[in-house]
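For reference, input04.cif is printed below; it contains mmCIF, C-alpha atoms.
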```
data_data
#
loop_
_atom_site.label_atom_id
_atom_site.label_comp_id
_atom_site.auth_asym_id
_atom_site.auth_seq_id
_atom_site.Cartn_x
_atom_site.Cartn_y
_atom_site.Cartn_z
CA MET A 1 -58.47 168.32 106.22
CA TYR A 2 -58.67 165.04 108.11
CA CYS A 3 -61.69 163.93 106.13
CA ALA A 4 -60.24 164.99 102.76
CA LYS A 5 -57.24 162.60 102.79
CA PRO A 6 -59.27 159.36 102.37
CA ALA A 7 -61.20 160.99 99.54
CA LYS A 8 -57.97 161.47 97.54
CA ILE A 9 -57.11 157.74 97.56
CA ALA A 10 -60.67 156.45 97.27
CA GLY A 11 -60.77 156.83 93.49
CA PRO A 12 -57.53 154.96 92.63
CA PHE A 13 -58.24 152.31 95.29
CA LEU A 14 -61.73 151.58 93.97
CA LEU A 15 -60.41 151.48 90.39
CA LEU A 16 -57.73 148.97 91.39
CA LEU A 17 -60.27 146.87 93.31
CA SER A 18 -62.65 146.87 90.34
CA MET A 19 -59.91 145.75 87.96
CA LEU A 20 -58.92 142.95 90.34
CA LEU A 21 -62.51 141.72 90.63
CA LEU A 22 -62.98 141.81 86.84
CA THR A 23 -59.78 139.79 86.35
CA MET A 24 -60.93 137.17 88.87
CA LEU A 25 -64.39 136.91 87.35
CA GLY A 26 -62.92 136.67 83.86
CA SER A 27 -60.97 133.55 84.78
CA VAL A 28 -64.05 131.71 86.08
CA PRO A 29 -66.64 130.24 83.69
CA ALA A 30 -69.95 132.05 83.73
CA LEU A 31 -71.68 128.74 84.35
CA ALA A 32 -70.11 125.66 85.95
CA GLN A 33 -70.90 122.66 83.75
CA VAL A 34 -71.87 119.22 85.04
CA ASP A 35 -68.56 117.36 85.12
CA PRO A 36 -68.84 113.82 83.66
CA SER A 37 -65.68 112.62 85.45
CA GLY A 38 -65.92 109.46 87.53
CA GLU A 39 -66.29 105.70 87.46
CA TRP A 40 -69.28 104.48 85.46
CA ALA A 41 -70.84 101.01 85.28
CA PRO A 42 -72.74 100.12 82.08
CA ARG A 43 -76.41 99.22 81.89
CA PHE A 44 -77.30 96.61 79.27
CA HIS A 45 -81.10 96.61 79.47
CA GLU A 46 -81.16 99.00 76.49
CA ASP A 47 -80.71 96.96 73.30
CA GLN A 48 -79.81 93.91 75.40
CA PRO A 49 -80.16 91.27 72.64
CA GLU A 50 -77.80 93.20 70.38
CA ARG A 51 -75.26 94.07 73.07
CA ILE A 52 -74.96 90.77 74.96
CA PRO A 53 -75.60 87.73 72.72
CA GLY A 54 -74.96 89.95 69.71
CA PRO A 55 -76.96 90.86 66.59
CA GLU A 56 -78.07 88.10 64.27
CA ILE A 57 -76.56 87.60 60.84
CA GLY A 58 -78.57 89.50 58.25
CA ASP A 59 -80.34 91.76 60.76
CA TYR A 60 -79.96 95.21 59.21
CA LEU A 61 -83.27 96.58 60.54
CA GLY A 62 -83.16 100.17 61.74
CA LEU A 63 -79.89 101.00 59.98
CA PRO A 64 -79.85 103.76 57.29
CA ILE A 65 -77.45 101.78 55.10
CA ASN A 66 -76.91 101.84 51.36
CA ALA A 67 -76.19 99.00 48.93
CA ALA A 68 -72.43 99.16 49.55
CA ALA A 69 -72.87 98.64 53.30
CA ARG A 70 -75.32 95.83 52.66
CA LEU A 71 -72.81 94.06 50.42
CA ARG A 72 -70.11 94.40 53.08
CA GLY A 73 -72.48 92.88 55.65
CA ASP A 74 -73.46 90.02 53.37
CA SER A 75 -69.80 89.21 52.70
CA TRP A 76 -68.74 89.29 56.36
CA ASP A 77 -67.93 86.05 58.17
CA ALA A 78 -67.71 85.93 61.98
CA SER A 79 -64.67 83.66 61.68
CA LEU A 80 -62.75 86.77 60.69
CA LEU A 81 -62.34 87.43 64.41
CA THR A 82 -60.31 84.24 64.82
CA LEU A 83 -57.46 85.67 62.72
CA PRO A 84 -54.56 86.77 64.96
CA GLU A 85 -54.52 90.30 63.50
CA HIS A 86 -58.19 90.77 64.48
CA GLN A 87 -58.12 89.31 67.99
CA CYS A 88 -56.72 92.26 69.97
CA LYS A 89 -58.18 95.22 68.12
CA PRO A 90 -60.38 97.49 70.27
CA HIS A 91 -63.78 98.82 69.32
CA PRO A 92 -63.46 102.15 67.51
CA SER A 93 -64.36 105.07 69.80
CA ASP A 94 -67.82 105.57 68.29
CA TYR A 95 -68.74 101.93 69.06
CA ALA A 96 -66.64 101.48 72.22
CA TRP A 97 -69.43 102.95 74.38
CA ARG A 98 -71.47 99.83 73.56
CA GLY A 99 -69.14 97.70 75.60
CA PRO A 100 -68.32 95.67 77.43
CA ALA A 101 -67.72 99.18 78.72
CA ASN A 102 -66.93 99.78 82.34
CA LEU A 103 -65.95 103.40 81.90
CA ARG A 104 -63.62 105.89 83.57
CA ILE A 105 -63.62 109.60 82.69
CA TRP A 106 -61.14 112.09 84.09
CA LYS A 107 -60.16 115.66 83.24
CA GLU A 108 -56.76 117.19 82.59
CA ILE A 109 -56.34 120.66 84.05
CA ASP A 110 -53.74 123.31 83.19
CA THR A 111 -51.98 124.18 86.45
CA ALA A 112 -51.44 127.86 85.65
CA THR A 113 -54.93 128.71 84.37
CA GLN A 114 -56.95 125.97 86.11
CA GLN A 115 -58.81 125.47 82.85
CA VAL A 116 -59.84 122.03 81.60
CA ILE A 117 -57.71 121.34 78.55
CA ALA A 118 -58.87 117.75 77.90
CA TYR A 119 -61.07 114.89 79.06
CA HIS A 120 -59.74 111.35 78.95
CA THR A 121 -61.63 108.06 78.86
CA HIS A 122 -60.63 104.47 79.63
CA ILE A 123 -62.88 101.53 78.73
CA SER A 124 -62.53 97.99 80.03
CA TRP A 125 -62.79 96.10 76.70
CA GLN A 126 -59.26 96.01 75.22
CA ALA A 127 -58.39 98.97 77.52
CA PRO A 128 -58.51 101.78 74.90
CA GLU A 129 -57.79 105.30 76.14
CA ARG A 130 -59.05 108.37 74.38
CA THR A 131 -58.39 112.12 74.58
CA ILE A 132 -61.07 114.76 74.00
CA TYR A 133 -59.34 118.12 73.58
CA MET A 134 -61.11 121.09 75.18
CA ASP A 135 -58.56 123.83 74.38
CA GLY A 136 -59.91 124.88 71.00
CA ARG A 137 -57.26 123.24 68.84
CA PRO A 138 -58.25 122.46 65.24
CA HIS A 139 -58.64 119.00 63.74
CA PRO A 140 -55.63 117.79 61.74
CA PRO A 141 -55.61 117.82 57.92
CA GLU A 142 -57.40 115.08 56.01
CA TYR A 143 -54.18 113.21 55.23
CA ALA A 144 -53.25 112.79 58.94
CA ALA A 145 -53.20 109.27 60.40
CA HIS A 146 -56.48 107.56 61.23
CA THR A 147 -56.69 105.59 64.50
CA TRP A 148 -59.18 103.50 66.47
CA GLN A 149 -59.91 106.48 68.73
CA GLY A 150 -59.78 109.16 66.05
CA PHE A 151 -59.20 112.84 66.83
CA SER A 152 -61.77 114.37 69.20
CA THR A 153 -62.51 117.93 70.27
CA GLY A 154 -65.15 118.98 72.76
CA LYS A 155 -67.18 122.03 73.73
CA TRP A 156 -69.94 122.73 76.20
CA ASP A 157 -73.51 123.29 75.04
CA GLY A 158 -75.03 124.23 78.38
CA ASP A 159 -74.58 121.14 80.54
CA ILE A 160 -74.00 118.87 77.54
CA LEU A 161 -70.45 118.03 76.47
CA THR A 162 -70.54 117.87 72.66
CA VAL A 163 -67.67 115.98 71.03
CA THR A 164 -66.70 115.95 67.34
CA THR A 165 -64.49 113.09 66.11
CA THR A 166 -62.73 112.65 62.78
CA HIS A 167 -59.78 110.56 61.52
CA LEU A 168 -61.23 107.19 62.54
CA LYS A 169 -60.10 103.91 61.06
CA VAL A 170 -62.70 101.84 59.24
CA GLY A 171 -65.00 100.41 61.92
CA TRP A 172 -68.51 99.05 62.33
CA ILE A 173 -71.92 100.18 63.48
CA ARG A 174 -73.29 96.70 64.13
CA ARG A 175 -71.33 93.59 65.03
CA ASN A 176 -72.63 91.52 62.14
CA GLY A 177 -70.55 93.04 59.39
CA ILE A 178 -72.24 96.40 58.82
CA PRO A 179 -69.34 98.84 58.34
CA ARG A 180 -68.55 102.45 59.11
CA SER A 181 -66.01 104.08 56.78
CA ASP A 182 -62.93 106.14 57.56
CA LYS A 183 -64.67 109.16 55.97
CA ALA A 184 -67.24 109.35 58.76
CA THR A 185 -67.65 112.23 61.18
CA VAL A 186 -69.02 111.35 64.61
CA THR A 187 -70.81 113.72 66.98
CA GLU A 188 -71.33 112.66 70.59
CA HIS A 189 -73.39 114.32 73.31
CA ILE A 190 -72.26 113.34 76.84
CA MET A 191 -74.98 114.11 79.38
CA ARG A 192 -74.81 113.63 83.14
CA HIS A 193 -77.86 113.70 85.41
CA ASP A 194 -76.64 113.20 88.98
CA GLY A 195 -75.57 109.54 89.14
CA TYR A 196 -76.60 108.70 85.57
CA LEU A 197 -74.64 109.18 82.36
CA THR A 198 -76.06 109.05 78.83
CA VAL A 199 -73.99 109.25 75.65
CA MET A 200 -75.71 109.94 72.32
CA VAL A 201 -73.68 109.00 69.25
CA ILE A 202 -74.54 110.44 65.82
CA ILE A 203 -72.68 108.94 62.84
CA ASN A 204 -72.55 110.74 59.50
CA ASP A 205 -70.93 108.49 56.90
CA PRO A 206 -70.99 109.52 53.22
CA VAL A 207 -69.74 106.10 52.15
CA TYR A 208 -72.13 103.66 53.84
CA LEU A 209 -75.08 105.65 55.28
CA THR A 210 -77.84 107.57 53.52
CA GLU A 211 -78.89 109.39 56.72
CA PRO A 212 -77.29 110.03 60.12
CA PHE A 213 -77.45 107.05 62.47
CA VAL A 214 -78.26 107.83 66.12
CA ARG A 215 -78.17 105.70 69.27
CA THR A 216 -77.73 106.18 73.01
CA THR A 217 -75.95 104.21 75.75
CA ASP A 218 -76.35 104.53 79.54
CA TRP A 219 -74.27 104.12 82.73
CA VAL A 220 -74.68 104.61 86.47
CA ALA A 221 -72.07 106.03 88.82
CA ASP A 222 -70.03 103.37 90.65
CA PRO A 223 -67.42 104.97 92.94
CA ARG A 224 -66.23 101.51 94.12
CA GLN A 225 -65.53 100.31 90.58
CA GLN A 226 -62.09 98.87 89.83
CA ILE A 227 -61.31 98.26 86.16
CA ALA A 228 -58.97 95.32 85.72
CA PRO A 229 -56.12 95.29 83.19
CA TYR A 230 -56.88 93.79 79.80
CA PRO A 231 -53.83 91.94 78.52
CA CYS A 232 -54.36 90.43 75.09
CA GLU A 233 -52.23 87.92 73.22
CA ALA A 234 -53.04 86.91 69.65
CA VAL A 235 -52.84 83.19 68.86
CA VAL A 236 -53.56 80.94 65.88
CA GLU A 237 -56.97 79.47 66.70
CA ILE A 238 -57.63 77.75 63.37
CA GLU A 239 -55.01 76.48 60.94
CA ARG A 240 -55.66 78.06 57.53
CA PRO A 241 -53.71 78.53 54.30
CA GLU A 242 -51.48 81.57 54.44
CA GLY A 243 -53.30 84.73 53.43
CA TYR A 244 -56.80 83.25 53.69
CA VAL A 245 -59.49 85.63 54.98
CA PRO A 246 -62.90 84.20 56.03
CA HIS A 247 -65.64 85.62 53.80
CA HIS A 248 -68.79 84.96 51.78
CA LEU A 249 -68.82 85.64 48.06
CA PRO A 250 -71.89 87.52 46.76
CA GLY A 251 -74.94 85.28 46.75
CA THR A 252 -73.35 82.49 48.81
CA ASN A 253 -74.19 83.54 52.39
CA THR A 254 -76.92 81.07 53.32
CA PHE A 255 -77.21 82.48 56.86
CA LEU A 256 -78.90 85.70 55.70
CA SER A 257 -82.37 84.12 55.46
CA GLU A 258 -82.34 82.79 59.05
CA PHE A 259 -83.19 86.09 60.75
CA PRO A 260 -86.34 86.92 58.72
CA ALA A 261 -87.49 83.30 58.90
CA LYS A 262 -87.06 83.20 62.70
CA TYR A 263 -89.14 86.33 63.28
CA HIS A 264 -91.57 85.83 60.35
CA ILE A 265 -90.83 89.10 58.63
CA PRO A 266 -90.30 89.80 54.92
CA GLU A 267 -86.71 89.54 53.76
CA GLU A 268 -87.05 93.04 52.33
CA ALA A 269 -87.49 94.42 55.85
CA ALA A 270 -84.42 92.61 57.18
CA ARG A 271 -82.31 94.34 54.53
CA GLY A 272 -82.58 97.62 56.41
CA GLY A 273 -82.35 101.11 54.97
CA ALA A 274 -83.31 104.52 56.32
CA GLU A 275 -87.01 103.77 55.93
CA THR A 276 -86.82 101.02 58.55
CA MET A 277 -85.69 103.48 61.26
CA TYR A 278 -89.02 105.24 61.53
CA PRO A 279 -92.27 104.23 63.32
CA GLU A 280 -94.24 104.61 60.09
CA TYR A 281 -92.46 101.55 58.72
CA LYS A 282 -94.55 99.37 61.01
CA VAL A 283 -97.58 100.19 58.89
CA LYS A 284 -95.80 99.22 55.68
CA LEU A 285 -94.49 96.05 57.32
CA LYS A 286 -98.01 94.95 58.28
CA GLN A 287 -99.22 95.67 54.76
CA MET A 288 -96.44 93.58 53.23
CA MET A 289 -97.14 90.68 55.57
CA SER A 290 -100.90 90.75 55.13
CA ALA A 291 -100.74 91.11 51.34
CA SER A 292 -99.11 87.72 50.82
CA PRO A 293 -98.54 85.87 54.11
CA THR A 294 -98.17 82.47 52.42
CA LYS A 295 -95.59 83.73 49.94
CA THR A 296 -93.72 85.53 52.72
CA ALA A 297 -93.54 82.34 54.77
CA GLN A 298 -92.35 80.36 51.76
CA ASN A 299 -89.66 82.91 50.91
CA THR A 300 -88.30 83.02 54.44
CA THR A 301 -88.03 79.28 54.85
CA ALA A 302 -86.90 78.21 51.37
CA LYS A 303 -83.45 79.79 51.49
#
```

If you took the structure in this file and wrote it as structure tokens, what would it be?
Amino acid sequence: MYCAKPAKIAGPFLLLLSMLLLTMLGSVPALAQVDPSGEWAPRFHEDQPERIPGPEIGDYLGLPINAAARLRGDSWDASLLTLPEHQCKPHPSDYAWRGPANLRIWKEIDTATQQVIAYHTHISWQAPERTIYMDGRPHPPEYAAHTWQGFSTGKWDGDILTVTTTHLKVGWIRRNGIPRSDKATVTEHIMRHDGYLTVMVIINDPVYLTEPFVRTTDWVADPRQQIAPYPCEAVVEIERPEGYVPHHLPGTNTFLSEFPAKYHIPEEAARGGAETMYPEYKVKLKQMMSASPTKTAQNTTAK
């Protein structure tokens, strides 16, 4: 009789213990992802000429643009940035990674469930802050407001944080006038490898791109980093007639020929397009240059 008493409670006790363990395991992710949170310092060796001094006027190489985007680029004037309404605008979130981008990432956790419900980012240039929702909420309807940061949702693909962004204001994919429309959808893959962070940005734009445009940007962990405030005050830098917007009318931008002339490439190549993204284009470029080198040189210096 002494030995029979524990046997009577063993079944219910083990059942209760099993249910408790299942509940605990159910609240913990099956695989802990690599958290991208932290302070990150940018590295500019990748695409340094484009990111520091800036891209040259008329350099559309490697961009899968269409004729509409090319016209926007040709019409753009850098003096646009002297207008007060353009002086304090941040980079849109798909370009903000390019910097100047000392970066902070932190996560927001629900106290009751201890689940990550959002990641937040802060970038040094113009101090934009962005929210990437991780709680499964849907994107808003098409008519919802568009902003510089857009509306972003994230999910884990293994150790890669994949982010989908919609509802962006009109922005740019290169700082020489090449635009990105407000119809674009942006996919980002945020990847951490120990003290290194890589962000891949994929832009799908039905208005200005004929193919997706892809680029990556890198950072290294910097736990001592302190990001300073970025106050911005718009001022009148150049006196202009009221309502004037710096621009170039079609066919009047004489700066466009400087880039191909400087690097001795055909003007056709400088005009970009999806073809110029791929390694095979090097073969075509050599053929164009060898077919008529004298004519190419004349064309690139005459305009």

Query - the PyMOL selection byres ((chain A and resi 179) around 8) applied to the shown file, residues as number ranges by chain - result: A: 69, 72-73, 170-174, 177-178, 180-181, 208

Requested in this report: Carefully work through the PyMOL selection byres ((chain A and resi 74) around 8) for this structure and note down the residues it includes, as a list in words.
Outcome: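 Listing what the PyMOL selection byres ((chain A and resi 74) around 8) selects in the shown file: Gly58, Arg70, Leu71, Arg72, Gly73, Ser75, Trp76, Gly177, His248, Pro250, Asn253 and Leu256 of chain A.
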
Requested in this report: Given the file shown, enumerate the residues that the PyMOL selection byres ((chain A and resi 233) around 10) captures and present them as number ranges by chain.
Outcome: A: 84, 87-88, 230-232, 234-235

**Report entry** Separation of CA of Thr166 in chain A from CA of Phe151 in chain A in Å
**Finding:**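 Taking CA of Phe151 in chain A and CA of Thr166 in chain A, their separation equals 5.4 Å.
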
Query raised in the report: Which residue out of A:Pro64, A:Thr198, A:Gln48, A:Thr153 has the minimum interatomic distance to Val214 in chain A when all atoms listed in the file are used?
Result: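 The shortest atom-to-atom distance to Val214 in chain A comes from A:Pro64.
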
Query raised in the report: What is the CA of Pro53 in chain A-CA of His247 in chain A distance in Å, reported with one decimal?
Result: 21.5 Å

Report task. Kindly give the distance, in Å, that separates CA of Glu50 in chain A and CA of Thr131 in chain A, rounded to a single decimal. Result -> 27.4 Å

Report task. Could you tell me which of A:Met134, A:Gly99, A:His189, A:Asp94 comes closest to Trp148 in chain A if we count all atoms listed in the file? Result -> A:Asp94

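Between Ser257 in chain A and the residues A:Thr216, A:Glu46, A:Ala144, A:Glu56, the shortest atom-to-atom distance, using all atoms listed in the file, involves A:Glu56.
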
Contact table range 30-95 of chain A vs range 107-110 of chain A, cut-off 12 Å, shortest pair per residue, only C-alpha atoms, as a Markdown table:
```
| residue | atom | partner | partner_atom | distance |
| --- | --- | --- | --- | --- |
| A:Asp35 | CA | A:Lys107 | CA | 8.8 |
| A:Pro36 | CA | A:Lys107 | CA | 8.9 |
| A:Ser37 | CA | A:Lys107 | CA | 6.7 |
| A:Gly38 | CA | A:Lys107 | CA | 9.5 |
```

Create the file for the chosen residues now, containing C-alpha atoms and written as an mmCIF file, in the coordinates of the input.
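Resulting contents of out-v4.cif:
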```cif
data_model
loop_
_atom_site.group_PDB
_atom_site.id
_atom_site.type_symbol
_atom_site.label_atom_id
_atom_site.label_comp_id
_atom_site.auth_asym_id
_atom_site.auth_seq_id
_atom_site.Cartn_x
_atom_site.Cartn_y
_atom_site.Cartn_z
ATOM 1 C CA ASP A 35 -68.560 117.360 85.120
ATOM 2 C CA PRO A 36 -68.840 113.820 83.660
ATOM 3 C CA SER A 37 -65.680 112.620 85.450
ATOM 4 C CA GLY A 38 -65.920 109.460 87.530
#
```

**Report entry** Surrounding residues of Asn204 in chain A excluding itself and chain neighbours under 5 positions, 7 Å, only C-alpha atoms, as a ChimeraX atom specification
**Finding:** /A:184-186,212-213

Report task. Using all atoms listed in the file, pick whichever of A:Val34, A:Leu161, A:Ile123, A:Leu61 has the shortest atom-to-atom distance to Leu285 in chain A. Result ->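 Ranking A:Val34, A:Leu161, A:Ile123, A:Leu61 by distance to Leu285 in chain A, first place goes to A:Leu61.
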